[in-house]
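**Student:** Before anything else, here's the structure in question.
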Amino acid sequence: MSTKTRGIDFSKLSLKDALDLAILVEEEAEERYVELAHQMEIHRTEEAAAFFRFMAINEKKHGSELSERRKKLFGDAPREVRRTMIFDIEAPDYDEARAQMSPHEALTVAMSSEKKAYEFFVAALPHLSDPEVRSLFEELRQEEIHHQELVAKELAKVPATKDALGDAFEDEPLAL
Amino acid sequence: MRGDLTFGMAGSGGDGIVSAGEALISAAAAEGYHAIMTKSFGSQIRGGESSCRVRVSTQPIGTSNGPLDVAVVLSWDDFLKFGAELQIEGTTVVIYEAKSGVAPDKLPLVGVTPADVARVPIGELSKKAAGSDKAKNTVVLGLIAGWFDVARTTLLKGMQKKLAKKGPEVVAAAERAFAAGLEYALANPLKREMKIAPSKDGPGTKMLTDGNDMCAAAAIFAGCRFYGGYPITPSTEIMQYLTREIWKYGGAVLQAEDEIAGIGAAVGASFAGKKSMTATSGPGMSLKTEIVGLATIAELPLVIVNVQRGGPATGLPTKSEQADLFQACFATHGDSVRPVLAPTSVADTFPITVEAFNIAEQYQTPVVVLSDQEIGQRKETVNPIDTSKFTIVDRLRPTPADLEAYTRFRITESGVSPIAHPGDERGNYLAAGIEHNEQGAPTASGGVHARMNDKRFKKLEPLKKRLDLFEVLGDPSASVLLLGWGSTAGACREALDWAQKDGLSVKLVIPKLLFPIAEEVYRDLFRGVAAGLVVESSHQGQLYRLLRMYIDLPTGVRSLCRSGANPFAPREIERKLRSAVIGLQRGHGESLQSQE
Amino acid sequence: MGAELPVVFDPKDYKSDLKPIWCPGCGDFGVLQAMYRALASVGRPPHEIAFVSGIGCSSRIPGYTTAYGFNSVHGRALPIAQGIKIANPDLLVLVAGGDGDGFSIGGGHLPHAIRRNLDLTYIVMDNQIYGLTKGQLSPTSPLHLKTVTSPHGAMEAPVNPLLYVLAYGAPFVAQGTPADMAGLAQIIEDAIRYPGFAFVNVQSPCVTFGQDDWQVKQHRAAMKTLESLGHNSTDLLSAMDKARSYGSELYTGILYKNPNPAPTYDAMVRERQQALTTGSPSPARILDGFLQK
């Protein structure tokens, strides 16, 4: 827990804060996927780039759904939870990315992110006191399971092994 | 009555002969004479041989070089170590310490008989008057006052003031020593009377300082508010002056851990919006070079002063040379040029330094001020400078409209683009040593690189039309040309006077802007010239070679050059110029590479 | 008009439009992200920040922020940053670079930056290799490491930057890793807030030329927070004791924080200017002192 958030007291988390937190988690993930897509584009890793863009769109969609809910319940009430308080909850870790990564590897990155998010909500649940917040977290946890299933289905479609030739023909990296 | 006297004095460090010289020039300046003083020391930090030359004149002067009118010898051993720096000729009056045991007709001089020789018991006079031979320098001043009438009352006043803090006993002893010298001189007149005429300008009309202090003062006047540097002879006085004074004007000085850090900090301060400067000498300039290029590509204003000494490597740390011109123009890698300006005297150091800041700010570029040890460390009288006549240029800053979509390196017609400073809202940009596009983003594009090189060169183009950065003296239509720069220009100015007196019509050209080469200006100046000399203190004759790189010089224009620490005397230049003319008339130019 | 609400900054406010050219998987991405977080927490607007670097992969970092950046020349970030801070002490001045930049070509500047104690934050992204030039030995490369310039194994022992920075007298010394971004962001924030020279060594692995068995993944398993070890960060000797394990242990957090910050150089510059500017002399009269009467 401690390495994922900073300055959030889960025992005092209100529903508004919990929704805001969930929105920021999606926002963080969306941005990260966009960044990874850029990385892949710069390094000519087109398939992974396309997949990361697809994931970014998904995260954005989840974020907007949550935002609408938040707006309905709390309108424009100021946000107490900030981006500086969360760290890579659903956003894939930077070190998972590689130049020339295969679609299977890209999907694996997404899978581990979904698992990370799932684990985050699981770990948070015992600390929550507000029943409404608890049920929101349970719902979010379930969603992550659902996402994992979707990613697993995609993973099954692509071969796990790398191209047989690997990077044997790749140019040496450029000295700058 | 004489209009001009050059004194050369030498002794051991303990004799205080340089202090005597300082007192002499201060007094001469206070009375309104024109004067120049240079000092020269052995390599010991203390106690070695030391010497000075002081020239006092009723007319403006450009150098103190040349044979001595008066030689003051406290010890022949020490005096002779300075060789050509203290040249005794047939016109010289020699005053020497009797204790040295040399008979007046047995002076250790080869082939020269001085005009007059005074063997004076200087040490004895000092002992009698002051109870110690430590006041020999003051006896010497008394002798000078008596025989040459230079600033007699002012000399004593100056000494009283200087010694006041050492107590009334010391002052009284000095007064007695001075009187002893004066009385000795009056009682033993010289063969020929050599008193100097009263000054034309009168008391209180002269400033007195050296090139380094003048440079530092000019920097503050021009708006310099940051200095980063490292001690190096012969430029350190610039840092010393600034670190004493700059705080009063809201500025700061950083004595850095090395030359590179000194210029690095100056570049940082410029980026942060302060006019900034670093000063050094050749070895330091070699180290700073990479960051000069950084300032060029990041388009940051910066003034770099190089007070030249003999090189390469450690070379001759205390002697003047003009051999860093190539370095000043070309030292960095890549296509980069920077304006190079050279003052020709202490007085000139003021406008040239101000101009360097103005050019740096206007064109957002590093500018090199190429001074030299002679100008940097010599004391010189300077006529009052009307500071209200100077324009101060500040860098072009972005307007609110520019900041709407700020483009730091926007390619403009002039090549100059407005510069934002950290703290300016919406001006945020990346300054970089890596090539960048107009926004400042790094790029490896050949197209962008070419356009940015164009921009950086184009903005300096107007400098090539700056005729005001050239001094043209003598006969503008003469077919004989003399060209000198830096400290050598002073000797050339006087060589012109000699030439004119001898009926030779000469055009003297003194470029203050050495780079970029103002091709059209030079073409006009060389039009109609058949013979001439480019005079420089370097083995190669660097300006001569630089000119040939950019301009077709008339074939009769040659280089007169020799390694540093062998300064040119005006008469010598005039003689060389005359033989160049004669050589040309004979139809064959002779080699003007001078013999040492 | 009511009182103005305090401006709250989001990490995105510090992110520029430039896309990092670093290799995917590079540790520097995490450092950059941690910087965004730290800067948003500190809350200085980007235009009041000057971010200086030298040359190297990591030295590209200023361009990826919205601060005023200065991507200078190899090894000279510290002198340039000091000039900026002295010229305008109101700015928040950050310095970053790699181990080659800071401990090799620019190593001579570090002790002096420390003894001057300007209020700067210096972040080194230490990857134990020269990545930009394709995998040569760096000053922190382990002994015996094989690289293109040490094909038979390195014969030099690595420098220990943590230990010598402490010995030079740095008042704030910390180490982090992108494996713990929250921890790293906190360290950087604390470093920025520290009133004096703050040094942060970040173990930031090179994914392309670095050691395969010392990547962010391994950091996650190996790192020990100093907090969890009960380290007293106000005790210089125990900080030095911990610093000795550089290269064998991955301690993260604040090694040393002088609880009694000394006056900074920039503060002294201000004081001196204020003390000496009384009477405000006119630059136009600067030459008066040379007049000989």
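Residue names in the structure tokens use chain letters A, B, ... in the order shown, residue numbers from 1 in each chain, and ligand numbers from 1 in the order shown.
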Report the residues of range 53-262 of chain C whose backbone DSSP state falls under strand (DSSP E), written as a PyMOL selection string.
**Tutor:** chain C and resi 53+68-71+92-98+120-126+172-176+198-203+224-225+251-257
**Student:** Kindly determine which residues of chain B lie within 6 Å of chain C, considering only C-alpha atoms, and give the answer as a PyMOL selection string.
**Tutor:** chain B and resi 30+204+206-208+221+247-248+250+261+264-266+268-269+272+387+422-423+425+428-433
**Student:** With a cut-off of 8 Å, could you pull out the residues of chain A touching chain C and give me the nearest pair of atoms for each, distance in Å to one decimal, using only C-alpha atoms, ordered by chain and ascending number, as JSON lines?
**Tutor:**
```
{"residue": "A:Thr3", "atom": "CA", "partner": "C:Ala182", "partner_atom": "CA", "distance": 5.5}
{"residue": "A:Lys4", "atom": "CA", "partner": "C:Ala182", "partner_atom": "CA", "distance": 6.5}
{"residue": "A:Thr5", "atom": "CA", "partner": "C:Ala182", "partner_atom": "CA", "distance": 7.1}
{"residue": "A:Arg6", "atom": "CA", "partner": "C:Ala182", "partner_atom": "CA", "distance": 7.3}
{"residue": "A:Leu36", "atom": "CA", "partner": "C:Pro24", "partner_atom": "CA", "distance": 7.7}
{"residue": "A:His38", "atom": "CA", "partner": "C:Lys19", "partner_atom": "CA", "distance": 7.2}
{"residue": "A:Gln39", "atom": "CA", "partner": "C:Pro24", "partner_atom": "CA", "distance": 6.0}
{"residue": "A:Met40", "atom": "CA", "partner": "C:Pro24", "partner_atom": "CA", "distance": 7.4}
{"residue": "A:Ile42", "atom": "CA", "partner": "C:Ile21", "partner_atom": "CA", "distance": 7.3}
{"residue": "A:His43", "atom": "CA", "partner": "C:Cys23", "partner_atom": "CA", "distance": 7.8}
{"residue": "A:Arg82", "atom": "CA", "partner": "C:Asp10", "partner_atom": "CA", "distance": 7.6}
{"residue": "A:Arg83", "atom": "CA", "partner": "C:Asp10", "partner_atom": "CA", "distance": 6.5}
{"residue": "A:Thr84", "atom": "CA", "partner": "C:Arg37", "partner_atom": "CA", "distance": 5.1}
{"residue": "A:Ile86", "atom": "CA", "partner": "C:Ala182", "partner_atom": "CA", "distance": 7.7}
{"residue": "A:Phe87", "atom": "CA", "partner": "C:Ala182", "partner_atom": "CA", "distance": 5.9}
{"residue": "A:Tyr94", "atom": "CA", "partner": "C:Gly25", "partner_atom": "CA", "distance": 5.5}
{"residue": "A:Asp95", "atom": "CA", "partner": "C:Gly25", "partner_atom": "CA", "distance": 3.9}
{"residue": "A:Glu96", "atom": "CA", "partner": "C:Gly25", "partner_atom": "CA", "distance": 5.9}
{"residue": "A:Ala97", "atom": "CA", "partner": "C:Gly25", "partner_atom": "CA", "distance": 4.7}
{"residue": "A:Arg98", "atom": "CA", "partner": "C:Pro24", "partner_atom": "CA", "distance": 4.7}
{"residue": "A:Ala99", "atom": "CA", "partner": "C:Pro24", "partner_atom": "CA", "distance": 5.5}
{"residue": "A:Pro173", "atom": "CA", "partner": "C:Lys134", "partner_atom": "CA", "distance": 7.4}
{"residue": "A:Leu174", "atom": "CA", "partner": "C:Lys134", "partner_atom": "CA", "distance": 7.4}
{"residue": "A:Ala175", "atom": "CA", "partner": "C:Thr133", "partner_atom": "CA", "distance": 4.7}
{"residue": "A:Leu176", "atom": "CA", "partner": "C:Leu132", "partner_atom": "CA", "distance": 5.5}
```
**Student:** Could you jot down the CA of Glu90 in chain A to CA of Lys116 in chain A separation for me, Å, one decimal place?
**Tutor:**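 So the answer is 6.2 Å.
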**Student:** With the cut-off set at 12 Å and counting only C-alpha atoms, tabulate each residue of chain B with an atom at most that distance from an atom of chain A, showing the nearest atom pair and its distance in Å to one decimal, ordered by chain and increasing number, as a Markdown table.
**Tutor:**
```
| residue | atom | partner | partner_atom | distance |
| --- | --- | --- | --- | --- |
| B:Ile434 | CA | A:Leu176 | CA | 10.8 |
| B:Pro442 | CA | A:Leu176 | CA | 11.9 |
| B:Thr443 | CA | A:Leu176 | CA | 11.4 |
| B:Ala444 | CA | A:Leu176 | CA | 9.7 |
```
**Student:** Could those selected residues go to a file with N, CA and C atoms, as a compact mmCIF listing (two decimals), in the first residue's frame?
**Tutor:**
```
# COMPACT_ATOMS: atom_id res chain seq x y z
N ILE B 434 23.09 21.36 -27.78
CA ILE B 434 22.79 20.50 -28.92
C ILE B 434 22.03 21.37 -29.93
N PRO B 442 15.73 19.81 -29.34
CA PRO B 442 16.92 19.21 -29.96
C PRO B 442 16.58 18.58 -31.31
N THR B 443 17.53 18.67 -32.22
CA THR B 443 17.31 18.09 -33.54
C THR B 443 18.64 17.60 -34.12
N ALA B 444 18.56 16.64 -35.01
CA ALA B 444 19.75 16.20 -35.73
C ALA B 444 19.57 16.50 -37.21
```
**Student:** May I have the residues within 12 Å of Glu143 in chain A as a list in words, using only C-alpha atoms and disregarding those fewer than 6 positions away in the same chain?
**Tutor:** Ala22, Glu59, His62, Glu114, Lys115, Ala117, Tyr118, Phe121, Leu136, Phe137, Glu149 and Leu150 of chain A
**Student:** Can you list, as a list in words, every protein, DNA or RNA residue that comes within 9 Å of Thr140 in chain C when you count only C-alpha atoms, leaving out same-chain residues fewer than 3 positions away?
**Tutor:**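 Residues meeting the cut-off are Asp99, Gly100, Phe103, Asp126, Asn127, Gln128, Ile129, Leu137, Leu143, Ala157, Pro158, Val159, Asn160, Pro161 and Gly247 of chain C.
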**Student:** What does the distance from CA of Leu254 in chain B to CA of Ile188 in chain C come to in Å, to one decimal?
**Tutor:**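 Computing the Euclidean distance for CA of Leu254 in chain B and CA of Ile188 in chain C yields 27.3 Å.
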**Student:** May I have the residues within 12 Å of Leu481 in chain B as a PyMOL selection string, using only C-alpha atoms and disregarding those fewer than 3 positions away in the same chain?
**Tutor:** chain B and resi 472-478+484+492+495-496+499+504-510+522+525-535+553-554+556-559+573-574+577-578+580-581
**Student:** Would you save the residues of that selection, restricted to N, CA and C atoms, as a compact mmCIF listing (two decimals), in the first residue's frame?
**Tutor:**
```
# COMPACT_ATOMS: atom_id res chain seq x y z
N VAL B 472 41.53 55.74 -37.96
CA VAL B 472 42.40 56.01 -39.09
C VAL B 472 43.08 57.35 -38.82
N LEU B 473 44.40 57.35 -38.76
CA LEU B 473 45.16 58.55 -38.44
C LEU B 473 46.14 58.84 -39.58
N GLY B 474 46.72 60.05 -39.52
CA GLY B 474 47.71 60.41 -40.53
C GLY B 474 47.03 60.86 -41.82
N ASP B 475 47.65 60.55 -42.92
CA ASP B 475 47.16 61.01 -44.22
C ASP B 475 46.28 59.91 -44.84
N PRO B 476 44.98 60.16 -44.93
CA PRO B 476 44.08 59.10 -45.41
C PRO B 476 44.36 58.71 -46.86
N SER B 477 45.04 59.58 -47.62
CA SER B 477 45.27 59.21 -49.02
C SER B 477 46.70 58.69 -49.24
N ALA B 478 47.44 58.50 -48.16
CA ALA B 478 48.83 58.05 -48.31
C ALA B 478 48.90 56.67 -48.94
N GLY B 484 48.38 48.64 -36.75
CA GLY B 484 48.73 48.03 -35.47
C GLY B 484 47.49 47.83 -34.64
N CYS B 492 52.72 52.37 -32.65
CA CYS B 492 52.46 52.78 -34.04
C CYS B 492 52.02 54.25 -34.10
N ALA B 495 55.04 56.16 -33.88
CA ALA B 495 55.84 55.96 -35.10
C ALA B 495 55.29 56.86 -36.21
N LEU B 496 53.97 57.01 -36.24
CA LEU B 496 53.35 57.89 -37.24
C LEU B 496 53.86 59.33 -37.04
N ALA B 499 57.34 59.57 -38.34
CA ALA B 499 57.34 59.51 -39.81
C ALA B 499 56.92 60.86 -40.39
N LEU B 504 57.55 61.66 -44.12
CA LEU B 504 56.95 60.49 -44.79
C LEU B 504 55.44 60.55 -44.57
N SER B 505 54.69 60.41 -45.65
CA SER B 505 53.23 60.47 -45.56
C SER B 505 52.69 59.07 -45.32
N VAL B 506 52.03 58.90 -44.18
CA VAL B 506 51.61 57.55 -43.76
C VAL B 506 50.15 57.57 -43.32
N LYS B 507 49.46 56.50 -43.63
CA LYS B 507 48.10 56.29 -43.12
C LYS B 507 48.21 55.22 -42.02
N LEU B 508 47.77 55.57 -40.83
CA LEU B 508 47.80 54.58 -39.74
C LEU B 508 46.39 54.03 -39.51
N VAL B 509 46.25 52.73 -39.58
CA VAL B 509 44.97 52.08 -39.36
C VAL B 509 45.04 51.26 -38.07
N ILE B 510 44.11 51.52 -37.17
CA ILE B 510 44.07 50.77 -35.92
C ILE B 510 42.69 50.11 -35.79
N TYR B 522 38.12 47.18 -44.84
CA TYR B 522 39.54 47.00 -45.15
C TYR B 522 39.82 47.28 -46.63
N LEU B 525 40.19 50.81 -47.02
CA LEU B 525 41.39 51.35 -46.37
C LEU B 525 42.66 50.98 -47.14
N PHE B 526 42.65 49.83 -47.78
CA PHE B 526 43.84 49.39 -48.51
C PHE B 526 43.89 49.95 -49.94
N ARG B 527 42.80 50.59 -50.36
CA ARG B 527 42.77 51.12 -51.73
C ARG B 527 43.89 52.16 -51.90
N GLY B 528 44.68 52.01 -52.92
CA GLY B 528 45.75 52.99 -53.18
C GLY B 528 47.01 52.78 -52.36
N VAL B 529 47.00 51.74 -51.53
CA VAL B 529 48.18 51.49 -50.70
C VAL B 529 49.19 50.64 -51.48
N ALA B 530 50.45 51.11 -51.48
CA ALA B 530 51.48 50.37 -52.21
C ALA B 530 52.40 49.62 -51.27
N ALA B 531 52.63 50.20 -50.10
CA ALA B 531 53.54 49.55 -49.15
C ALA B 531 52.99 49.74 -47.74
N GLY B 532 53.37 48.83 -46.86
CA GLY B 532 52.90 49.00 -45.50
C GLY B 532 53.37 47.89 -44.60
N LEU B 533 53.08 48.08 -43.32
CA LEU B 533 53.47 47.10 -42.31
C LEU B 533 52.30 46.83 -41.38
N VAL B 534 52.12 45.56 -41.07
CA VAL B 534 51.17 45.18 -40.02
C VAL B 534 52.02 44.76 -38.82
N VAL B 535 51.93 45.53 -37.75
CA VAL B 535 52.86 45.37 -36.64
C VAL B 535 52.21 44.59 -35.50
N LEU B 553 45.54 41.47 -49.96
CA LEU B 553 46.34 42.62 -49.52
C LEU B 553 47.25 43.06 -50.66
N PRO B 554 47.53 44.38 -50.75
CA PRO B 554 48.54 44.82 -51.72
C PRO B 554 49.86 44.10 -51.40
N GLY B 556 52.83 44.93 -51.39
CA GLY B 556 53.81 45.68 -50.61
C GLY B 556 53.50 45.76 -49.13
N VAL B 557 52.36 45.23 -48.74
CA VAL B 557 52.02 45.26 -47.32
C VAL B 557 52.55 43.98 -46.66
N ARG B 558 53.43 44.16 -45.67
CA ARG B 558 54.11 43.03 -45.06
C ARG B 558 53.84 42.97 -43.56
N SER B 559 54.31 41.87 -43.02
CA SER B 559 54.16 41.69 -41.58
C SER B 559 55.44 42.11 -40.87
N ILE B 573 59.80 51.12 -35.40
CA ILE B 573 58.72 50.88 -36.37
C ILE B 573 58.87 51.84 -37.55
N GLU B 574 59.17 53.08 -37.21
CA GLU B 574 59.32 54.08 -38.27
C GLU B 574 60.46 53.70 -39.22
N LEU B 577 59.40 50.88 -41.39
CA LEU B 577 58.44 51.35 -42.40
C LEU B 577 59.20 52.04 -43.54
N ARG B 578 60.18 52.83 -43.15
CA ARG B 578 60.97 53.55 -44.14
C ARG B 578 61.72 52.55 -45.04
N ALA B 580 60.82 49.56 -45.67
CA ALA B 580 59.83 48.88 -46.52
C ALA B 580 59.55 49.71 -47.75
N VAL B 581 59.43 51.02 -47.53
CA VAL B 581 59.16 51.92 -48.66
C VAL B 581 60.34 51.90 -49.63
```
**Student:** In Å, rounded to a single decimal, give me how far CA of Gly98 in chain C is from CA of Thr149 in chain C.
**Tutor:**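 So the two atoms, CA of Thr149 in chain C and CA of Gly98 in chain C, lie 18.2 Å apart.
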**Student:** Which neighbours of Arg408 in chain B fall inside 7 Å, counting only C-alpha atoms, when residues of the same chain fewer than 5 positions from it are skipped, and could you give them as a list in words?
**Tutor:**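 In the requested form, the answer reads Ser417, Pro418, Ile419, Tyr429, Glu438, Gln439 and Gly440 of chain B.
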**Student:** Mind checking which residues fall within 7 Å of Cys215 in chain B, counting only C-alpha atoms, ignoring those fewer than 6 positions away in the same chain, and posting them as a PyMOL selection string?
**Tutor:** chain B and resi 238+349-350+353
**Student:** Could you give me, as JSON, numbers by chain, each residue of range 29-104 of chain C that DSSP assigns to alpha helix (DSSP H) when run on this structure's backbone?
**Tutor:** {"C": [29, 30, 31, 32, 33, 34, 35, 36, 37, 38, 39, 40, 41, 42, 77, 78, 79, 80, 81, 82, 83, 84, 85, 86, 87, 99]}
**Student:** Please produce a file of the residues just selected, as a tab-separated table (two decimals), in the first residue's frame, where the atoms kept are N, CA, C and O atoms.
**Tutor:**
```tsv
chain	number	residue	atom	x	y	z
C	29	PHE	N	12.73	7.00	-17.26
C	29	PHE	CA	11.29	7.34	-17.37
C	29	PHE	C	10.68	7.47	-15.98
C	29	PHE	O	9.89	8.37	-15.72
C	30	GLY	N	11.04	6.53	-15.11
C	30	GLY	CA	10.51	6.55	-13.75
C	30	GLY	C	11.00	7.77	-12.98
C	30	GLY	O	10.25	8.38	-12.20
C	31	VAL	N	12.26	8.14	-13.22
C	31	VAL	CA	12.83	9.32	-12.54
C	31	VAL	C	12.07	10.57	-12.99
C	31	VAL	O	11.69	11.41	-12.18
C	32	LEU	N	11.84	10.64	-14.31
C	32	LEU	CA	11.13	11.79	-14.85
C	32	LEU	C	9.73	11.89	-14.24
C	32	LEU	O	9.29	12.95	-13.81
C	33	GLN	N	9.04	10.75	-14.19
C	33	GLN	CA	7.68	10.73	-13.62
C	33	GLN	C	7.72	11.15	-12.14
C	33	GLN	O	6.89	11.93	-11.68
C	34	ALA	N	8.73	10.66	-11.42
C	34	ALA	CA	8.86	11.03	-10.01
C	34	ALA	C	9.12	12.53	-9.87
C	34	ALA	O	8.63	13.19	-8.95
C	35	MET	N	9.88	13.09	-10.83
C	35	MET	CA	10.15	14.54	-10.81
C	35	MET	C	8.86	15.32	-10.99
C	35	MET	O	8.62	16.30	-10.29
C	36	TYR	N	8.03	14.88	-11.96
C	36	TYR	CA	6.74	15.56	-12.17
C	36	TYR	C	5.95	15.60	-10.86
C	36	TYR	O	5.37	16.62	-10.49
C	37	ARG	N	5.91	14.43	-10.19
C	37	ARG	CA	5.15	14.34	-8.94
C	37	ARG	C	5.73	15.28	-7.88
C	37	ARG	O	5.03	15.99	-7.20
C	38	ALA	N	7.06	15.21	-7.75
C	38	ALA	CA	7.71	16.02	-6.72
C	38	ALA	C	7.48	17.51	-6.98
C	38	ALA	O	7.18	18.27	-6.06
C	39	LEU	N	7.62	17.89	-8.26
C	39	LEU	CA	7.45	19.31	-8.59
C	39	LEU	C	6.03	19.77	-8.33
C	39	LEU	O	5.80	20.88	-7.82
C	40	ALA	N	5.06	18.91	-8.66
C	40	ALA	CA	3.65	19.27	-8.41
C	40	ALA	C	3.42	19.43	-6.90
C	40	ALA	O	2.68	20.31	-6.46
C	41	SER	N	4.04	18.56	-6.11
C	41	SER	CA	3.88	18.66	-4.66
C	41	SER	C	4.51	19.94	-4.12
C	41	SER	O	3.94	20.61	-3.27
C	42	VAL	N	5.69	20.27	-4.65
C	42	VAL	CA	6.36	21.50	-4.19
C	42	VAL	C	5.55	22.72	-4.63
C	42	VAL	O	5.41	23.70	-3.89
C	77	ALA	N	27.09	21.04	-15.80
C	77	ALA	CA	25.78	21.48	-15.33
C	77	ALA	C	25.89	22.23	-14.01
C	77	ALA	O	25.24	23.27	-13.82
C	78	LEU	N	26.72	21.74	-13.10
C	78	LEU	CA	26.79	22.38	-11.78
C	78	LEU	C	27.27	23.84	-11.84
C	78	LEU	O	26.64	24.71	-11.24
C	79	PRO	N	28.38	24.12	-12.55
C	79	PRO	CA	28.79	25.53	-12.62
C	79	PRO	C	27.70	26.43	-13.23
C	79	PRO	O	27.46	27.53	-12.75
C	80	ILE	N	27.07	25.95	-14.27
C	80	ILE	CA	26.04	26.76	-14.92
C	80	ILE	C	24.88	27.00	-13.96
C	80	ILE	O	24.38	28.12	-13.81
C	81	ALA	N	24.48	25.95	-13.26
C	81	ALA	CA	23.38	26.07	-12.31
C	81	ALA	C	23.72	27.07	-11.20
C	81	ALA	O	22.87	27.85	-10.76
C	82	GLN	N	24.97	27.05	-10.78
C	82	GLN	CA	25.37	27.98	-9.71
C	82	GLN	C	25.29	29.42	-10.20
C	82	GLN	O	24.85	30.31	-9.47
C	83	GLY	N	25.72	29.63	-11.44
C	83	GLY	CA	25.60	30.98	-12.01
C	83	GLY	C	24.16	31.44	-12.05
C	83	GLY	O	23.84	32.59	-11.74
C	84	ILE	N	23.27	30.54	-12.42
C	84	ILE	CA	21.84	30.89	-12.49
C	84	ILE	C	21.32	31.24	-11.10
C	84	ILE	O	20.64	32.26	-10.91
C	85	LYS	N	21.65	30.41	-10.14
C	85	LYS	CA	21.11	30.61	-8.79
C	85	LYS	C	21.64	31.90	-8.16
C	85	LYS	O	20.90	32.62	-7.49
C	86	ILE	N	22.92	32.20	-8.42
C	86	ILE	CA	23.48	33.44	-7.87
C	86	ILE	C	22.85	34.64	-8.56
C	86	ILE	O	22.53	35.65	-7.93
C	87	ALA	N	22.64	34.51	-9.88
C	87	ALA	CA	22.07	35.62	-10.64
C	87	ALA	C	20.62	35.88	-10.23
C	87	ALA	O	20.17	37.01	-10.19
C	99	ASP	N	26.05	9.49	-14.27
C	99	ASP	CA	27.23	9.25	-13.44
C	99	ASP	C	28.51	9.70	-14.15
C	99	ASP	O	29.43	10.21	-13.52
```
**Student:** Out of C:Val202, C:Ile61, C:Ile192, C:Leu118, which residue has the shortest atom-to-atom distance to Ala267 in chain C when counting only C-alpha atoms?
**Tutor:**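 Using only C-alpha atoms, Ala267 in chain C sits closest to C:Leu118.
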